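Report on the structure given below.
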Amino acid sequence: MDVGTYFQGTFSGILTPLIFLAIGIWIFAIIVFIIKKFVLKNNNLPYVLNPYILTRRENEFFSVLRPIAEKHNLFVCIKPRMADFISVIFPKSENKSKYFSYFNKISAKHIDFLLVDNTSRPVMGIELDDSTHQQTKRSSRDAFVKNVYNSIGLKTFHLLHYSPEILDECIRSVLIPTSEIIPAADVRAS
């Protein structure tokens, strides 16, 4: 066997897979570049749109609540942050640290449903309770939130089970406070 044939056979056996590997890496790099440049369109942020804002149970509740609220000329706000409808009355200019300590306690919490009138004045809140409200961590959070709602005078109902009649009773008990309306047993008012 001559030396040229030996080297040609040996190197072609090694070079062929290396050439294919290099071509594969080059094609992969081009595909990544195209995806980043044209498909993602400068979206380098790690966010994605959730398909729904409500869970299935919350959505079923909302479909029952909405027409009843509309009957009473109320609008339903879904999951507003507490800081969207509650203000900290401690002046920020006096002590920013103290102000933000109060603000931070409400800024990341929300209520499931807030009913407002046609001037956007909050009328009442509804929390759709489930098994998570029995957890120790959650019950301390609920106690804090209940205390805040009581201190601002926002009537809030915690519903484990509901029906159109229960929802109508809750709304009427807030809109007509002098009436003899007694909410159903499934309702815990705060």
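Following the order of the structure tokens, chains are lettered A, B, ..., residues in each are numbered from 1, and ligands are numbered from 1.
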Checklist entry - Could you write out, as a count of residues only, all the residues of stretch 77-141 of chain A that DSSP marks as strand (DSSP E)? => result 13
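For stretch 145-152 of chain A, the set of protein, DNA and RNA residues having any atom at most 9 Å away, when counting only C-alpha atoms and skipping those fewer than 4 positions along the same chain, is A:Ile86, A:Ile106, A:Lys109, A:Gly125, A:Ser140, A:Arg141, A:Thr156, A:Ser190.
If you look at atom CA of A:Ile78 and atom CA of A:His110, they are 9.2 Å away from each other.
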Near A:Pro80, within 12 Å and counting only C-alpha atoms, which residues show up once chain neighbours fewer than 4 positions away are dropped, as a PDB file with N, CA and C atoms, in the first residue's frame?
```
ATOM      1  N   ILE A  53     -57.354  34.656  32.732  1.00  0.00           N
ATOM      2  CA  ILE A  53     -57.065  35.378  33.967  1.00  0.00           C
ATOM      3  C   ILE A  53     -57.728  34.692  35.168  1.00  0.00           C
ATOM      4  N   VAL A  76     -68.387  44.464  37.764  1.00  0.00           N
ATOM      5  CA  VAL A  76     -67.504  43.511  38.435  1.00  0.00           C
ATOM      6  C   VAL A  76     -66.068  43.746  37.975  1.00  0.00           C
ATOM      7  N   ASP A  84     -55.052  49.090  44.448  1.00  0.00           N
ATOM      8  CA  ASP A  84     -55.793  49.813  43.418  1.00  0.00           C
ATOM      9  C   ASP A  84     -57.030  50.496  43.984  1.00  0.00           C
ATOM     10  N   PHE A  85     -57.543  49.991  45.104  1.00  0.00           N
ATOM     11  CA  PHE A  85     -58.745  50.608  45.667  1.00  0.00           C
ATOM     12  C   PHE A  85     -58.593  50.974  47.149  1.00  0.00           C
ATOM     13  N   ILE A  86     -57.397  50.812  47.698  1.00  0.00           N
ATOM     14  CA  ILE A  86     -57.115  51.190  49.087  1.00  0.00           C
ATOM     15  C   ILE A  86     -55.868  52.064  49.087  1.00  0.00           C
ATOM     16  N   ILE A 106     -50.161  45.646  51.130  1.00  0.00           N
ATOM     17  CA  ILE A 106     -51.373  45.531  50.296  1.00  0.00           C
ATOM     18  C   ILE A 106     -51.065  45.515  48.802  1.00  0.00           C
ATOM     19  N   SER A 107     -49.855  45.848  48.417  1.00  0.00           N
ATOM     20  CA  SER A 107     -49.566  46.008  46.989  1.00  0.00           C
ATOM     21  C   SER A 107     -49.573  44.696  46.213  1.00  0.00           C
ATOM     22  N   ALA A 108     -49.251  43.592  46.860  1.00  0.00           N
ATOM     23  CA  ALA A 108     -49.185  42.315  46.146  1.00  0.00           C
ATOM     24  C   ALA A 108     -50.382  41.416  46.436  1.00  0.00           C
ATOM     25  N   LYS A 109     -51.371  41.943  47.157  1.00  0.00           N
ATOM     26  CA  LYS A 109     -52.573  41.148  47.459  1.00  0.00           C
ATOM     27  C   LYS A 109     -53.729  41.659  46.607  1.00  0.00           C
ATOM     28  N   HIS A 110     -54.652  40.769  46.309  1.00  0.00           N
ATOM     29  CA  HIS A 110     -55.823  41.177  45.526  1.00  0.00           C
ATOM     30  C   HIS A 110     -57.073  40.558  46.142  1.00  0.00           C
ATOM     31  N   ILE A 111     -58.189  41.063  45.685  1.00  0.00           N
ATOM     32  CA  ILE A 111     -59.473  40.471  46.048  1.00  0.00           C
ATOM     33  C   ILE A 111     -59.990  39.792  44.787  1.00  0.00           C
ATOM     34  N   ASP A 112     -60.723  38.695  44.937  1.00  0.00           N
ATOM     35  CA  ASP A 112     -61.174  37.970  43.745  1.00  0.00           C
ATOM     36  C   ASP A 112     -62.091  38.826  42.876  1.00  0.00           C
ATOM     37  N   PHE A 113     -63.104  39.423  43.506  1.00  0.00           N
ATOM     38  CA  PHE A 113     -64.061  40.235  42.754  1.00  0.00           C
ATOM     39  C   PHE A 113     -64.423  41.472  43.568  1.00  0.00           C
ATOM     40  N   LEU A 114     -64.384  42.626  42.941  1.00  0.00           N
ATOM     41  CA  LEU A 114     -64.777  43.878  43.570  1.00  0.00           C
ATOM     42  C   LEU A 114     -65.931  44.449  42.769  1.00  0.00           C
ATOM     43  N   LEU A 115     -67.055  44.693  43.434  1.00  0.00           N
ATOM     44  CA  LEU A 115     -68.203  45.292  42.761  1.00  0.00           C
ATOM     45  C   LEU A 115     -68.154  46.797  42.981  1.00  0.00           C
ATOM     46  N   VAL A 116     -68.301  47.547  41.893  1.00  0.00           N
ATOM     47  CA  VAL A 116     -68.255  49.004  41.944  1.00  0.00           C
ATOM     48  C   VAL A 116     -69.509  49.573  41.297  1.00  0.00           C
ATOM     49  N   PRO A 122     -66.002  51.664  45.031  1.00  0.00           N
ATOM     50  CA  PRO A 122     -66.137  50.291  45.522  1.00  0.00           C
ATOM     51  C   PRO A 122     -67.357  50.143  46.419  1.00  0.00           C
ATOM     52  N   GLY A 125     -66.881  43.538  48.248  1.00  0.00           N
ATOM     53  CA  GLY A 125     -65.917  42.582  47.729  1.00  0.00           C
ATOM     54  C   GLY A 125     -66.395  41.160  47.916  1.00  0.00           C
ATOM     55  N   ILE A 126     -65.895  40.278  47.074  1.00  0.00           N
ATOM     56  CA  ILE A 126     -66.228  38.859  47.183  1.00  0.00           C
ATOM     57  C   ILE A 126     -64.944  38.050  47.048  1.00  0.00           C
ATOM     58  N   GLU A 127     -64.724  37.184  48.028  1.00  0.00           N
ATOM     59  CA  GLU A 127     -63.622  36.220  47.978  1.00  0.00           C
ATOM     60  C   GLU A 127     -64.246  34.847  47.762  1.00  0.00           C
TER      61      GLU A 127
END
```
Q: Give me the residues within 10 Å of A:Asp168 as a VMD selection string, counting only C-alpha atoms and dropping any in the same chain fewer than 5 places off.
A: chain A and resid 65 68 to 69 71 to 72 163 173 183
| task | Just list the residues in stretch 83-149 of chain A DSSP gives helix (DSSP H, G or I) on the backbone, as an NGL selection string. | result | :A and (83-85 or 96-107 or 131-134 or 136-149)
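Between A:Leu175 and the residues A:Asn73, A:Asn44, A:Asn95, A:Thr16, the shortest atom-to-atom distance, using only C-alpha atoms, involves A:Asn73.
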Across A:Val123, A:Ile34, A:Ala143, A:Val88, the smallest distance to A:Ile171, with only C-alpha atoms counted, is shown by A:Val123
Skipping near chain neighbours, those fewer than 2 positions away, what residues fall within 12 Å of A:Ile89 using only C-alpha atoms, listed as a tab-separated table (two decimals) with N, CA and C atoms, in the first residue's frame?
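After the write, selection.tsv holds the following:
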```
chain	number	residue	atom	x	y	z
A	83	ALA	N	-54.11	47.61	46.53
A	83	ALA	CA	-53.56	48.96	46.39
A	83	ALA	C	-54.24	49.76	45.29
A	86	ILE	N	-57.40	50.81	47.70
A	86	ILE	CA	-57.12	51.19	49.09
A	86	ILE	C	-55.87	52.06	49.09
A	87	SER	N	-55.93	53.17	49.82
A	87	SER	CA	-54.77	54.05	49.93
A	87	SER	C	-54.22	54.02	51.34
A	91	PRO	N	-48.71	59.80	55.60
A	91	PRO	CA	-48.05	60.62	54.58
A	91	PRO	C	-46.66	60.10	54.21
A	92	LYS	N	-46.46	59.88	52.91
A	92	LYS	CA	-45.19	59.37	52.43
A	92	LYS	C	-44.06	60.36	52.74
A	93	SER	N	-44.38	61.66	52.71
A	93	SER	CA	-43.35	62.68	52.93
A	93	SER	C	-42.80	62.66	54.36
A	94	GLU	N	-43.59	62.19	55.31
A	94	GLU	CA	-43.13	62.17	56.71
A	94	GLU	C	-42.12	61.05	56.96
A	95	ASN	N	-42.41	59.87	56.44
A	95	ASN	CA	-41.53	58.73	56.70
A	95	ASN	C	-41.75	57.71	55.59
A	98	LYS	N	-41.86	53.96	56.61
A	98	LYS	CA	-43.10	53.53	57.25
A	98	LYS	C	-44.24	53.46	56.23
A	99	TYR	N	-44.30	54.45	55.32
A	99	TYR	CA	-45.33	54.44	54.28
A	99	TYR	C	-45.23	53.16	53.44
A	100	PHE	N	-44.02	52.87	52.96
A	100	PHE	CA	-43.85	51.70	52.10
A	100	PHE	C	-44.02	50.40	52.86
A	102	TYR	N	-46.38	49.90	55.03
A	102	TYR	CA	-47.83	49.70	54.94
A	102	TYR	C	-48.26	49.40	53.51
A	103	PHE	N	-47.71	50.14	52.56
A	103	PHE	CA	-48.08	49.96	51.16
A	103	PHE	C	-47.73	48.55	50.68
A	152	ILE	N	-61.52	49.86	56.58
A	152	ILE	CA	-61.93	50.83	55.55
A	152	ILE	C	-63.44	50.80	55.29
```
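One finds atom CA of A:Arg81 at 16.8 Å from atom CA of A:Phe157.
Put simply, atom CA of A:Phe61 is 11.4 Å away from atom CA of A:Asp129.
Minimum atom-to-atom distance to A:Ser63, evaluated using only C-alpha atoms, belongs to A:Pro164 out of A:Phe28, A:Ser97, A:Val48, A:Pro164.
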